[in-house]
$ cat upload12.cif   # mmCIF, C-alpha atoms and all ligand atoms
data_upload
#
loop_
_atom_site.label_atom_id
_atom_site.label_comp_id
_atom_site.auth_asym_id
_atom_site.auth_seq_id
_atom_site.Cartn_x
_atom_site.Cartn_y
_atom_site.Cartn_z
CA MET A 15 0.00 0.00 0.00
CA THR A 16 1.35 3.45 -0.82
CA LEU A 17 1.75 5.92 2.00
CA LEU A 18 1.47 9.63 1.38
CA VAL A 19 2.20 12.58 3.64
CA GLN A 20 0.31 15.79 2.88
CA LYS A 21 0.89 19.16 4.50
CA TYR A 22 -1.63 22.00 4.40
CA GLY A 23 -0.33 25.51 5.17
CA GLY A 24 -2.01 28.32 7.10
CA THR A 25 -3.94 29.82 4.18
CA SER A 26 -5.21 26.39 3.15
CA VAL A 27 -6.85 25.86 6.57
CA GLY A 28 -7.56 29.58 7.11
CA SER A 29 -11.37 29.38 7.53
CA PRO A 30 -14.12 26.82 8.24
CA GLU A 31 -14.86 26.65 4.50
CA ARG A 32 -11.24 26.01 3.67
CA ILE A 33 -11.04 23.32 6.33
CA GLN A 34 -14.03 21.66 4.64
CA ASN A 35 -12.19 21.90 1.33
CA VAL A 36 -9.09 20.29 2.86
CA ALA A 37 -11.23 17.52 4.39
CA GLU A 38 -12.73 16.87 0.95
CA ARG A 39 -9.27 16.49 -0.56
CA ILE A 40 -8.10 14.23 2.24
CA VAL A 41 -11.10 11.93 1.84
CA ARG A 42 -10.67 11.89 -1.92
CA THR A 43 -7.00 10.89 -1.59
CA ARG A 44 -7.75 8.23 1.04
CA ARG A 45 -10.52 6.73 -1.08
CA GLY A 46 -8.00 6.56 -3.91
CA GLY A 47 -6.34 3.86 -1.81
CA ALA A 48 -3.34 5.52 -0.16
CA ASP A 49 -2.54 5.48 3.54
CA LEU A 50 -2.48 9.08 4.59
CA VAL A 51 -0.76 11.23 7.20
CA VAL A 52 -1.72 14.89 7.10
CA VAL A 53 0.27 17.71 8.71
CA VAL A 54 -1.53 20.99 9.32
CA SER A 55 -0.39 24.54 10.13
CA ALA A 56 -2.23 26.98 12.35
CA MET A 57 -5.21 28.71 10.71
CA GLY A 58 -4.34 31.83 8.68
CA ASP A 59 -2.48 34.36 10.81
CA ALA A 60 -3.08 32.48 14.08
CA THR A 61 0.63 32.17 14.90
CA ASP A 62 1.23 35.89 14.29
CA ASP A 63 -1.79 36.71 16.44
CA LEU A 64 -0.50 34.56 19.30
CA ILE A 65 2.92 36.25 19.12
CA ASP A 66 1.16 39.58 19.21
CA LEU A 67 -0.81 38.53 22.28
CA ALA A 68 2.37 37.51 24.07
CA ARG A 69 3.91 40.92 23.34
CA GLN A 70 0.91 42.64 24.88
CA VAL A 71 1.40 40.67 28.07
CA SER A 72 5.18 40.73 28.39
CA THR A 73 8.14 42.43 26.78
CA ARG A 74 10.58 39.82 28.06
CA SER A 75 11.52 36.60 26.35
CA HIS A 76 9.90 33.41 27.68
CA PRO A 77 10.94 30.69 25.22
CA ARG A 78 9.28 27.81 27.07
CA GLU A 79 5.96 29.57 27.50
CA MET A 80 6.15 30.87 23.93
CA ASP A 81 6.27 27.27 22.71
CA MET A 82 3.31 26.35 24.91
CA LEU A 83 1.43 29.27 23.41
CA LEU A 84 2.34 28.77 19.74
CA THR A 85 1.65 25.03 19.65
CA ALA A 86 -1.96 25.88 20.47
CA GLY A 87 -2.41 27.26 16.93
CA GLU A 88 -1.72 23.93 15.24
CA ARG A 89 -3.75 22.08 17.89
CA ILE A 90 -6.84 23.99 16.84
CA SER A 91 -6.52 23.21 13.14
CA MET A 92 -5.64 19.53 13.65
CA ALA A 93 -8.78 18.95 15.71
CA LEU A 94 -11.02 20.84 13.27
CA VAL A 95 -9.63 19.01 10.24
CA ALA A 96 -10.09 15.64 12.00
CA MET A 97 -13.72 16.52 12.78
CA ALA A 98 -14.45 17.53 9.19
CA VAL A 99 -12.86 14.34 7.84
CA ASN A 100 -14.78 12.11 10.28
CA ASP A 101 -18.03 13.82 9.23
CA ARG A 102 -17.41 12.58 5.70
CA GLY A 103 -17.43 8.98 6.84
CA GLN A 104 -13.65 8.58 6.85
CA GLU A 105 -12.13 7.85 10.26
CA ALA A 106 -9.44 10.30 11.28
CA VAL A 107 -7.57 10.99 14.49
CA SER A 108 -5.52 14.05 15.42
CA PHE A 109 -2.16 13.98 17.22
CA THR A 110 0.03 16.71 18.68
CA GLY A 111 3.73 16.66 17.83
CA SER A 112 4.43 14.87 21.06
CA GLN A 113 1.79 12.19 20.44
CA SER A 114 3.21 11.73 16.96
CA GLY A 115 6.58 10.86 18.48
CA ILE A 116 8.46 13.87 17.14
CA VAL A 117 11.41 14.09 19.51
CA THR A 118 13.45 17.29 19.38
CA ASP A 119 16.38 18.88 21.18
CA ALA A 120 15.58 21.29 24.00
CA SER A 121 16.12 24.60 22.19
CA HIS A 122 12.76 26.28 22.58
CA THR A 123 11.36 28.17 19.55
CA GLN A 124 14.09 26.75 17.25
CA ALA A 125 14.16 23.06 18.14
CA LYS A 126 15.74 20.49 15.82
CA ILE A 127 14.14 17.09 15.26
CA LEU A 128 16.31 14.31 16.72
CA GLU A 129 14.13 11.34 15.87
CA VAL A 130 10.59 10.36 14.97
CA LYS A 131 9.07 7.48 16.95
CA ALA A 132 6.06 6.98 14.73
CA ASP A 133 4.68 3.75 16.27
CA ARG A 134 1.42 5.33 17.29
CA ILE A 135 0.90 6.78 13.83
CA ARG A 136 1.62 3.37 12.28
CA GLU A 137 -0.95 1.71 14.55
CA GLU A 138 -3.64 4.19 13.54
CA LEU A 139 -2.79 3.78 9.86
CA LYS A 140 -3.17 0.03 10.25
CA ARG A 141 -6.69 0.62 11.55
CA GLY A 142 -7.43 2.44 8.30
CA ARG A 143 -7.52 5.88 9.90
CA VAL A 144 -6.13 9.08 8.51
CA VAL A 145 -3.73 10.63 11.02
CA ILE A 146 -3.80 14.42 11.31
CA VAL A 147 -0.62 15.80 12.88
CA ALA A 148 -0.06 19.27 14.33
CA GLY A 149 2.82 20.84 12.41
CA PHE A 150 5.87 22.74 13.68
CA GLN A 151 6.07 21.09 17.10
CA GLY A 152 7.62 18.26 19.06
CA VAL A 153 8.67 17.21 22.51
CA SER A 154 12.17 17.24 24.02
CA LYS A 155 13.78 14.29 25.81
CA ASP A 156 12.81 15.88 29.15
CA ARG A 157 9.23 16.09 27.92
CA GLU A 158 9.07 19.82 27.27
CA VAL A 159 6.91 21.04 24.41
CA THR A 160 8.99 22.64 21.65
CA THR A 161 8.49 24.36 18.30
CA LEU A 162 10.66 24.10 15.20
CA GLY A 163 10.82 27.77 14.17
CA ARG A 164 8.57 29.80 11.87
CA GLY A 165 7.47 27.87 8.79
CA GLY A 166 8.40 24.60 10.51
CA SER A 167 5.31 22.61 9.54
CA ASP A 168 7.01 21.74 6.25
CA THR A 169 9.81 20.19 8.30
CA THR A 170 7.34 18.15 10.36
CA ALA A 171 5.83 16.81 7.14
CA VAL A 172 9.10 15.84 5.49
CA ALA A 173 10.48 14.32 8.72
CA LEU A 174 7.35 12.15 8.99
CA ALA A 175 7.60 11.19 5.32
CA ALA A 176 11.21 10.14 5.89
CA ALA A 177 10.44 8.18 9.06
CA LEU A 178 7.42 6.42 7.55
CA GLU A 179 9.16 5.89 4.20
CA ALA A 180 6.30 7.60 2.41
CA SER A 181 6.33 7.52 -1.36
CA GLU A 182 5.97 11.31 -1.49
CA CYS A 183 5.44 14.42 0.62
CA GLU A 184 2.87 16.79 -0.84
CA ILE A 185 3.10 20.38 0.36
CA TYR A 186 -0.18 22.20 -0.24
CA THR A 187 0.13 25.96 -0.13
CA ASP A 188 -1.40 29.13 -1.56
CA VAL A 189 0.61 29.17 -4.81
CA ASP A 190 0.66 26.22 -7.18
CA GLY A 191 4.34 25.49 -7.06
CA VAL A 192 7.83 26.90 -6.78
CA TYR A 193 8.36 29.76 -9.20
CA THR A 194 11.42 31.40 -10.75
CA ALA A 195 10.82 34.20 -8.20
CA ASP A 196 8.14 35.01 -5.62
CA PRO A 197 5.02 35.20 -7.85
CA ARG A 198 3.58 37.88 -5.56
CA ILE A 199 6.49 40.17 -6.46
CA VAL A 200 7.27 39.20 -10.06
CA GLU A 201 4.23 39.04 -12.30
CA GLY A 202 5.96 37.05 -15.02
CA ALA A 203 7.45 34.45 -12.67
CA ARG A 204 7.34 30.97 -14.22
CA LYS A 205 6.40 27.77 -12.42
CA LEU A 206 9.27 25.29 -12.21
CA THR A 207 8.17 21.75 -12.89
CA ARG A 208 11.27 20.15 -11.40
CA LEU A 209 14.15 21.25 -9.16
CA SER A 210 17.04 19.46 -7.54
CA TYR A 211 17.32 19.30 -3.74
CA ASP A 212 20.42 21.50 -3.89
CA GLU A 213 18.69 24.22 -5.87
CA MET A 214 15.60 24.15 -3.65
CA LEU A 215 17.73 24.21 -0.51
CA GLU A 216 19.55 27.32 -1.72
CA LEU A 217 16.34 29.05 -2.81
CA ALA A 218 14.64 28.27 0.51
CA SER A 219 17.66 29.28 2.60
CA LEU A 220 18.04 32.54 0.67
CA GLY A 221 14.46 33.71 1.16
CA ALA A 222 12.03 31.67 -0.97
CA ASN A 223 10.02 30.62 2.07
CA VAL A 224 7.56 28.54 0.06
CA LEU A 225 9.44 25.66 1.75
CA HIS A 226 11.14 25.72 5.17
CA ASN A 227 14.82 25.21 4.34
CA ARG A 228 15.27 22.50 6.98
CA SER A 229 12.52 20.45 5.33
CA VAL A 230 14.52 20.44 2.10
CA ASP A 231 17.66 19.39 3.94
CA ILE A 232 15.84 16.38 5.45
CA ALA A 233 14.28 15.53 2.09
CA ARG A 234 17.69 15.55 0.46
CA ARG A 235 19.29 13.36 3.10
CA PHE A 236 16.48 10.81 3.16
CA GLN A 237 15.60 11.11 -0.54
CA VAL A 238 11.99 12.10 0.06
CA PRO A 239 10.35 13.36 -3.16
CA ILE A 240 8.46 16.62 -2.51
CA HIS A 241 5.54 17.87 -4.57
CA VAL A 242 4.68 21.55 -3.91
CA ARG A 243 1.17 22.35 -5.11
CA SER A 244 -1.94 24.41 -4.42
CA SER A 245 -4.80 23.31 -2.19
CA PHE A 246 -7.15 25.39 -4.35
CA ASN A 247 -6.82 23.44 -7.59
CA TRP A 248 -5.56 20.07 -8.85
CA ASN A 249 -2.81 21.46 -11.07
CA GLU A 250 0.47 19.63 -11.21
CA GLY A 251 2.87 21.62 -9.02
CA SER A 252 6.67 21.55 -8.67
CA ARG A 253 8.62 18.42 -7.93
CA VAL A 254 11.74 18.60 -5.82
CA ALA A 255 13.67 15.41 -6.30
CA ARG A 256 17.06 13.90 -6.74
CA GLY A 257 19.50 14.94 -9.42
CA SER A 258 19.50 17.60 -12.01
CA THR A 259 16.89 17.94 -14.65
CA MET A 260 17.63 16.67 -18.12
CA GLU A 261 17.60 20.14 -19.64
CA GLN A 262 20.73 22.19 -19.09
CA VAL A 263 19.61 25.24 -17.13
CA VAL A 264 22.04 27.84 -15.91
CA ILE A 265 19.72 29.80 -13.64
CA ARG A 266 16.80 28.23 -11.82
CA GLY A 267 15.43 31.21 -9.96
CA ILE A 268 15.87 34.31 -7.83
CA ALA A 269 15.30 34.49 -4.09
CA HIS A 270 15.29 37.57 -1.95
CA ASP A 271 15.19 38.14 1.78
CA LYS A 272 14.30 41.44 3.38
CA ASP A 273 14.48 40.08 6.92
CA VAL A 274 18.20 40.60 7.26
CA ALA A 275 20.55 43.11 8.83
CA LYS A 276 24.15 43.90 8.00
CA VAL A 277 26.78 44.09 10.71
CA ALA A 278 30.38 45.19 10.21
CA LEU A 279 33.41 45.20 12.47
CA VAL A 280 35.85 47.79 11.19
CA GLY A 281 39.56 48.14 11.89
CA VAL A 282 39.95 44.50 12.88
CA PRO A 283 43.60 43.55 13.63
CA ASP A 284 45.09 41.26 10.97
CA ARG A 285 46.22 38.23 12.97
CA PRO A 286 45.38 34.53 13.08
CA GLY A 287 42.40 33.58 15.23
CA VAL A 288 40.44 36.83 14.95
CA ALA A 289 37.69 35.50 12.67
CA SER A 290 37.35 32.47 14.88
CA GLU A 291 36.91 34.67 17.97
CA ILE A 292 34.25 36.78 16.27
CA PHE A 293 32.16 33.95 14.86
CA GLN A 294 32.53 31.56 17.78
CA SER A 295 31.06 34.23 20.04
CA ILE A 296 28.18 34.91 17.69
CA GLY A 297 27.58 31.22 16.99
CA GLY A 298 27.47 30.69 20.77
CA GLN A 299 24.27 32.76 20.80
CA GLY A 300 22.60 30.28 18.45
CA VAL A 301 22.70 32.86 15.67
CA ASN A 302 23.00 31.71 12.08
CA VAL A 303 25.42 33.98 10.21
CA ARG A 304 24.36 34.25 6.57
CA MET A 305 27.12 35.86 4.55
CA ILE A 306 30.64 36.78 5.58
CA VAL A 307 32.90 39.15 3.68
CA GLN A 308 36.35 40.20 4.85
CA ALA A 309 38.10 43.06 3.10
CA SER A 310 41.55 44.40 3.85
CA GLY A 311 41.47 48.03 4.92
CA GLN A 312 44.25 50.44 5.77
CA ASP A 313 47.25 49.92 8.11
CA GLY A 314 47.11 46.16 8.03
CA LYS A 315 43.58 46.19 9.47
CA ASN A 316 40.56 44.42 8.01
CA ASP A 317 36.83 45.01 7.85
CA VAL A 318 34.69 41.99 8.61
CA THR A 319 31.11 42.35 7.38
CA PHE A 320 28.30 39.81 7.67
CA THR A 321 24.53 39.48 7.58
CA VAL A 322 22.16 37.89 10.10
CA GLY A 323 18.38 37.43 10.21
CA SER A 324 16.63 40.56 11.55
CA HIS A 325 15.23 38.61 14.49
CA ASP A 326 18.77 37.66 15.56
CA VAL A 327 20.07 41.21 15.81
CA ASN A 328 19.12 41.55 19.47
CA HIS A 329 21.32 38.56 20.29
CA VAL A 330 24.23 39.77 18.18
CA LEU A 331 24.69 43.40 19.16
CA PRO A 332 25.56 42.95 22.87
CA VAL A 333 28.02 40.15 22.03
CA LEU A 334 29.58 42.24 19.30
CA GLU A 335 30.56 45.07 21.63
CA GLU A 336 32.31 42.51 23.85
CA VAL A 337 34.07 40.94 20.88
CA ARG A 338 35.09 44.35 19.55
CA LYS A 339 36.82 45.20 22.82
CA LYS A 340 38.43 41.79 23.11
CA ILE A 341 39.98 41.75 19.65
CA GLY A 342 40.72 45.48 19.59
CA ALA A 343 38.61 46.41 16.58
CA ARG A 344 37.95 50.11 16.01
CA ALA A 345 34.15 50.06 15.83
CA PHE A 346 31.14 48.13 14.75
CA LEU A 347 28.39 49.29 12.43
CA TYR A 348 24.88 47.98 12.08
CA ASP A 349 22.43 48.50 9.22
CA PRO A 350 18.92 47.01 9.39
CA ASP A 351 17.75 48.43 6.03
CA VAL A 352 19.35 45.91 3.71
CA ALA A 353 18.14 42.90 1.73
CA MET A 354 19.82 39.90 0.18
CA LEU A 355 19.21 39.05 -3.44
CA SER A 356 20.32 35.69 -4.81
CA VAL A 357 20.45 34.06 -8.21
CA VAL A 358 20.44 30.26 -7.93
CA GLY A 359 21.21 27.61 -10.51
CA GLU A 360 23.23 24.45 -10.83
CA GLY A 361 24.61 25.62 -14.17
CA LEU A 362 26.20 28.77 -12.73
CA ALA A 363 29.48 27.02 -12.06
CA THR A 364 29.90 26.08 -15.70
CA SER A 365 28.57 29.26 -17.22
CA PRO A 366 31.10 32.06 -17.37
CA GLY A 367 29.65 35.51 -17.81
CA THR A 368 26.49 35.07 -15.76
CA ALA A 369 27.85 37.13 -12.86
CA GLY A 370 28.54 39.94 -15.32
CA ARG A 371 24.96 39.79 -16.61
CA VAL A 372 23.59 39.91 -13.07
CA PHE A 373 25.64 42.98 -12.13
CA GLN A 374 24.83 44.68 -15.43
CA ALA A 375 21.10 44.16 -14.88
CA LEU A 376 21.34 45.69 -11.41
CA ALA A 377 23.40 48.60 -12.72
CA GLN A 378 20.82 49.30 -15.42
CA ALA A 379 18.10 49.33 -12.78
CA GLY A 380 20.17 51.82 -10.77
CA VAL A 381 20.54 49.39 -7.87
CA ASN A 382 23.73 49.78 -5.88
CA ILE A 383 25.41 46.57 -4.73
CA ASP A 384 26.82 46.71 -1.21
CA LEU A 385 28.30 43.20 -0.83
CA ILE A 386 28.76 40.27 -3.20
CA SER A 387 29.37 36.61 -2.45
CA THR A 388 29.23 33.58 -4.70
CA SER A 389 29.18 29.79 -4.44
CA SER A 390 29.13 27.18 -7.18
CA ILE A 391 25.34 27.49 -7.48
CA THR A 392 24.59 31.01 -6.15
CA ILE A 393 25.40 34.66 -6.69
CA THR A 394 24.25 36.75 -3.72
CA CYS A 395 24.21 40.55 -3.46
CA VAL A 396 23.34 42.75 -0.52
CA VAL A 397 21.35 45.80 -1.65
CA ARG A 398 19.24 48.51 -0.01
CA GLN A 399 15.99 47.06 1.31
CA ALA A 400 13.97 49.70 -0.55
CA ASP A 401 15.53 48.53 -3.83
CA ALA A 402 14.99 44.80 -3.28
CA GLU A 403 11.71 44.16 -5.08
CA ARG A 404 12.59 46.39 -8.03
CA ALA A 405 15.93 44.60 -8.25
CA VAL A 406 14.25 41.17 -8.32
CA ARG A 407 11.92 42.28 -11.13
CA SER A 408 14.76 43.80 -13.17
CA LEU A 409 16.93 40.73 -12.75
CA HIS A 410 14.10 38.39 -13.64
CA GLU A 411 13.54 40.31 -16.85
CA ALA A 412 17.20 40.74 -17.77
CA LEU A 413 17.95 37.06 -17.21
CA GLU A 414 14.88 36.13 -19.28
CA LEU A 415 13.53 33.79 -16.65
CA GLU A 416 9.98 34.15 -17.97
CA ARG A 417 10.94 32.09 -20.97
CA GLU A 418 11.16 28.32 -20.87
CA PRO A 419 14.89 27.55 -21.14
P1 LIG B 501 2.13 28.16 3.85
O1 LIG B 501 1.34 28.92 4.86
O2 LIG B 501 1.28 27.32 2.96
O3 LIG B 501 3.28 27.40 4.45
P2 LIG B 501 3.97 30.23 2.99
O4 LIG B 501 3.45 31.63 3.08
O5 LIG B 501 4.91 29.75 4.02
O6 LIG B 501 2.71 29.27 2.86
O7 LIG B 501 4.67 30.00 1.56
C1 LIG B 501 4.00 30.34 0.38
C2 LIG B 501 4.42 31.71 -0.11
O8 LIG B 501 5.80 31.67 -0.47
C3 LIG B 501 3.74 32.18 -1.35
O9 LIG B 501 2.52 32.80 -1.06
C4 LIG B 501 4.75 33.11 -2.00
O10 LIG B 501 4.43 34.47 -1.80
C5 LIG B 501 6.05 32.81 -1.26
N1 LIG B 501 7.18 32.56 -2.16
C6 LIG B 501 8.40 33.14 -2.06
N2 LIG B 501 9.21 32.73 -3.03
C7 LIG B 501 8.50 31.87 -3.80
C8 LIG B 501 8.81 31.12 -4.98
N3 LIG B 501 10.02 31.17 -5.56
N4 LIG B 501 7.83 30.32 -5.50
C9 LIG B 501 6.62 30.26 -4.92
N5 LIG B 501 6.28 30.96 -3.81
C10 LIG B 501 7.20 31.75 -3.26
N1 LIG B 502 2.26 28.12 12.15
C1 LIG B 502 3.69 28.21 12.09
C2 LIG B 502 4.10 29.54 11.48
O1 LIG B 502 3.26 30.34 11.13
C3 LIG B 502 4.32 27.05 11.39
C4 LIG B 502 3.97 26.89 9.93
O2 LIG B 502 2.96 27.41 9.46
O3 LIG B 502 4.71 26.21 9.23
O4 LIG B 502 5.27 29.81 11.37
MG MG B 503 5.24 27.95 5.04
#
$ encode --input "upload12.cif" --output "structure tokens"
Amino acid sequence: MTLLVQKYGGTSVGSPERIQNVAERIVRTRRGGADLVVVVSAMGDATDDLIDLARQVSTRSHPREMDMLLTAGERISMALVAMAVNDRGQEAVSFTGSQSGIVTDASHTQAKILEVKADRIREELKRGRVVIVAGFQGVSKDREVTTLGRGGSDTTAVALAAALEASECEIYTDVDGVYTADPRIVEGARKLTRLSYDEMLELASLGANVLHNRSVDIARRFQVPIHVRSSFNWNEGSRVARGSTMEQVVIRGIAHDKDVAKVALVGVPDRPGVASEIFQSIGGQGVNVRMIVQASGQDGKNDVTFTVGSHDVNHVLPVLEEVRKKIGARAFLYDPDVAMLSVVGEGLATSPGTAGRVFQALAQAGVNIDLISTSSITITCVVRQADAERAVRSLHEALELEREP
């Protein structure tokens, strides 16, 4: 018997009518003969609303209580979806992350999945039931409730698909696939029928939040095929699977991320061990550093510039002043009004001249590039935040991504 994992995002379960629609689809899939595990997100903006509530009650950080609070969002939708499915004559049972056996580490609000003990899910599947799982949550070894970070329901779904050896993980969202750029920003964005895990991982990590980047990492390691599609139609979506496509494509898409800030340490002494001191201290705060550029300045001193997620800035700034003093750097600068813009494609490494085309397109659009970094499958630029969306549109046009390669 085939086993499928489906995940429905916040918009897809955003109202009673939409929950009915999801229940319809679940029943239809189950009647088609597949065993089915369904992961759901909180309804619509429920998670944002809960965060807002917490801020009205306290200005301090309470990671444990925050997880208690946020897991409630997914608990609501899982129960409602299970009710709607049962009403259609198909047995369904809802489970929290903990009941589903999703064991995580203890880092509240950003927990990592350690293992999935899916025995209970397997038992229910054997009884012919559809299992509805609350996304984005788990339980630590010392039985604390945890969450996986914003957008983490995708990761729940792929982790379950890996653990249960599902034939596929379907991610139902509010767009009908992964596009060459965010279709809400670029009108002419084209739907990609197939992407490699590496390309999707880069796109997701660099701002295309249609998939949580950690879900793609798990999918790649356990070879779980992902199908990203819309819950509002039956169109074929985008398949993320192993290997490159047959067609030779240089550029797959453009991602951008406005939730970043730039930090620079200037006048950093040029001696061994300095970079390690800087980034060990920042890493010690659990902060993910995104892009690092070191440039040699005057008098044998360097400037070390990097970007971090906007939400991490509060953890970085106090540490940075300490580090600055310790290593004897002249000053540190901080700029929250930047964005990262990335061109991603497996063919970049073998296509000389693409970097030139990217920079030319930005120049023609009058967009100033602050920092540049490249890897074998990415070219990333830091630009002014106000320029970001215009830059994505110009690049998309100049690189002719609207056209089928
Ligand atoms: P869900 O609630 O279903 O998890 P998300 O809001 O997390 O949905 O992800 C879907 C959104 O991702 C889309 O509405 C779209 O605006 C955005 N997005 C960003 N980049 C892309 C891209 N390259 N392709 C498709 N969608 C993208
Ligand atoms: N509800 C959570 C969020 O809004 C998790 C998710 O939707 O994936 O981030
Ligand atoms: Mg999402």
$ closest_residue --input "upload12.cif" --among "A:Ile393, A:Cys183, A:Val53, A:Ala369" --to "Glu216 of chain A" --atoms "all atoms listed in the file"
A:Ile393
$ residues_near_ligand --input "upload12.cif" --ligand "ligand LIG 501 (chain B)" --cutoff "6 Å" --atoms "only C-alpha atoms and all ligand atoms" --output "PyMOL selection string"
chain A and resi 23-25+165+187-189+191-198+222-224
$ closest_atom_pairs --input "upload12.cif" --of "chain A" --to "ligand MG 503 (chain B)" --cutoff "12 Å" --atoms "only C-alpha atoms and all ligand atoms" --output "CSV"
residue,atom,partner,partner_atom,distance
A:Lys21,CA,B:MG503,MG,9.8
A:Tyr22,CA,B:MG503,MG,9.1
A:Gly23,CA,B:MG503,MG,6.1
A:Gly24,CA,B:MG503,MG,7.5
A:Thr25,CA,B:MG503,MG,9.4
A:Ser26,CA,B:MG503,MG,10.7
A:Val53,CA,B:MG503,MG,12.0
A:Val54,CA,B:MG503,MG,10.6
A:Ser55,CA,B:MG503,MG,8.3
A:Ala56,CA,B:MG503,MG,10.5
A:Met57,CA,B:MG503,MG,11.9
A:Gly58,CA,B:MG503,MG,11.0
A:Asp59,CA,B:MG503,MG,11.6
A:Thr61,CA,B:MG503,MG,11.7
A:Gly149,CA,B:MG503,MG,10.5
A:Phe150,CA,B:MG503,MG,10.1
A:Gly163,CA,B:MG503,MG,10.7
A:Arg164,CA,B:MG503,MG,7.8
A:Gly165,CA,B:MG503,MG,4.4
A:Gly166,CA,B:MG503,MG,7.2
A:Ser167,CA,B:MG503,MG,7.0
A:Asp168,CA,B:MG503,MG,6.6
A:Thr169,CA,B:MG503,MG,9.6
A:Thr170,CA,B:MG503,MG,11.3
A:Ala171,CA,B:MG503,MG,11.4
A:Ile185,CA,B:MG503,MG,9.2
A:Tyr186,CA,B:MG503,MG,9.5
A:Thr187,CA,B:MG503,MG,7.5
A:Asp188,CA,B:MG503,MG,9.4
A:Val189,CA,B:MG503,MG,11.0
A:Ala218,CA,B:MG503,MG,10.4
A:Gly221,CA,B:MG503,MG,11.5
A:Ala222,CA,B:MG503,MG,9.8
A:Asn223,CA,B:MG503,MG,6.2
A:Val224,CA,B:MG503,MG,5.5
A:Leu225,CA,B:MG503,MG,5.8
A:His226,CA,B:MG503,MG,6.3
A:Asn227,CA,B:MG503,MG,10.0
A:Arg228,CA,B:MG503,MG,11.6
A:Ser229,CA,B:MG503,MG,10.5
A:Val242,CA,B:MG503,MG,11.0
$ write_last_selection --input "upload12.cif" --atoms "C-alpha atoms" --output "PDB file, in the frame of the given file"
ATOM      1  CA  LYS A  21       0.890  19.160   4.500  1.00  0.00           C
ATOM      2  CA  TYR A  22      -1.630  22.000   4.400  1.00  0.00           C
ATOM      3  CA  GLY A  23      -0.330  25.510   5.170  1.00  0.00           C
ATOM      4  CA  GLY A  24      -2.010  28.320   7.100  1.00  0.00           C
ATOM      5  CA  THR A  25      -3.940  29.820   4.180  1.00  0.00           C
ATOM      6  CA  SER A  26      -5.210  26.390   3.150  1.00  0.00           C
ATOM      7  CA  VAL A  53       0.270  17.710   8.710  1.00  0.00           C
ATOM      8  CA  VAL A  54      -1.530  20.990   9.320  1.00  0.00           C
ATOM      9  CA  SER A  55      -0.390  24.540  10.130  1.00  0.00           C
ATOM     10  CA  ALA A  56      -2.230  26.980  12.350  1.00  0.00           C
ATOM     11  CA  MET A  57      -5.210  28.710  10.710  1.00  0.00           C
ATOM     12  CA  GLY A  58      -4.340  31.830   8.680  1.00  0.00           C
ATOM     13  CA  ASP A  59      -2.480  34.360  10.810  1.00  0.00           C
ATOM     14  CA  THR A  61       0.630  32.170  14.900  1.00  0.00           C
ATOM     15  CA  GLY A 149       2.820  20.840  12.410  1.00  0.00           C
ATOM     16  CA  PHE A 150       5.870  22.740  13.680  1.00  0.00           C
ATOM     17  CA  GLY A 163      10.820  27.770  14.170  1.00  0.00           C
ATOM     18  CA  ARG A 164       8.570  29.800  11.870  1.00  0.00           C
ATOM     19  CA  GLY A 165       7.470  27.870   8.790  1.00  0.00           C
ATOM     20  CA  GLY A 166       8.400  24.600  10.510  1.00  0.00           C
ATOM     21  CA  SER A 167       5.310  22.610   9.540  1.00  0.00           C
ATOM     22  CA  ASP A 168       7.010  21.740   6.250  1.00  0.00           C
ATOM     23  CA  THR A 169       9.810  20.190   8.300  1.00  0.00           C
ATOM     24  CA  THR A 170       7.340  18.150  10.360  1.00  0.00           C
ATOM     25  CA  ALA A 171       5.830  16.810   7.140  1.00  0.00           C
ATOM     26  CA  ILE A 185       3.100  20.380   0.360  1.00  0.00           C
ATOM     27  CA  TYR A 186      -0.180  22.200  -0.240  1.00  0.00           C
ATOM     28  CA  THR A 187       0.130  25.960  -0.130  1.00  0.00           C
ATOM     29  CA  ASP A 188      -1.400  29.130  -1.560  1.00  0.00           C
ATOM     30  CA  VAL A 189       0.610  29.170  -4.810  1.00  0.00           C
ATOM     31  CA  ALA A 218      14.640  28.270   0.510  1.00  0.00           C
ATOM     32  CA  GLY A 221      14.460  33.710   1.160  1.00  0.00           C
ATOM     33  CA  ALA A 222      12.030  31.670  -0.970  1.00  0.00           C
ATOM     34  CA  ASN A 223      10.020  30.620   2.070  1.00  0.00           C
ATOM     35  CA  VAL A 224       7.560  28.540   0.060  1.00  0.00           C
ATOM     36  CA  LEU A 225       9.440  25.660   1.750  1.00  0.00           C
ATOM     37  CA  HIS A 226      11.140  25.720   5.170  1.00  0.00           C
ATOM     38  CA  ASN A 227      14.820  25.210   4.340  1.00  0.00           C
ATOM     39  CA  ARG A 228      15.270  22.500   6.980  1.00  0.00           C
ATOM     40  CA  SER A 229      12.520  20.450   5.330  1.00  0.00           C
ATOM     41  CA  VAL A 242       4.680  21.550  -3.910  1.00  0.00           C
TER      42      VAL A 242
END
$ atom_distance --input "upload12.cif" --atom1 "atom CA of Ile146 of chain A" --atom2 "atom CA of Val95 of chain A"
7.5 Å
$ closest_residue --input "upload12.cif" --among "A:His329, A:Arg204, A:Arg74, A:Arg143" --to "Gly297 of chain A" --atoms "all atoms listed in the file"
A:His329
$ atom_distance --input "upload12.cif" --atom1 "atom CA of Ser154 of chain A" --atom2 "atom O4 of ligand LIG 502 (chain B)"
19.1 Å
$ axis_aligned_box --input "upload12.cif" --around "ligand LIG 502 (chain B)" --padding-each-side "5 Å" --output "lines of an AutoDock Vina configuration file"
center_x = 3.8
center_y = 28.3
center_z = 10.7
size_x = 13.0
size_y = 14.1
size_z = 12.9
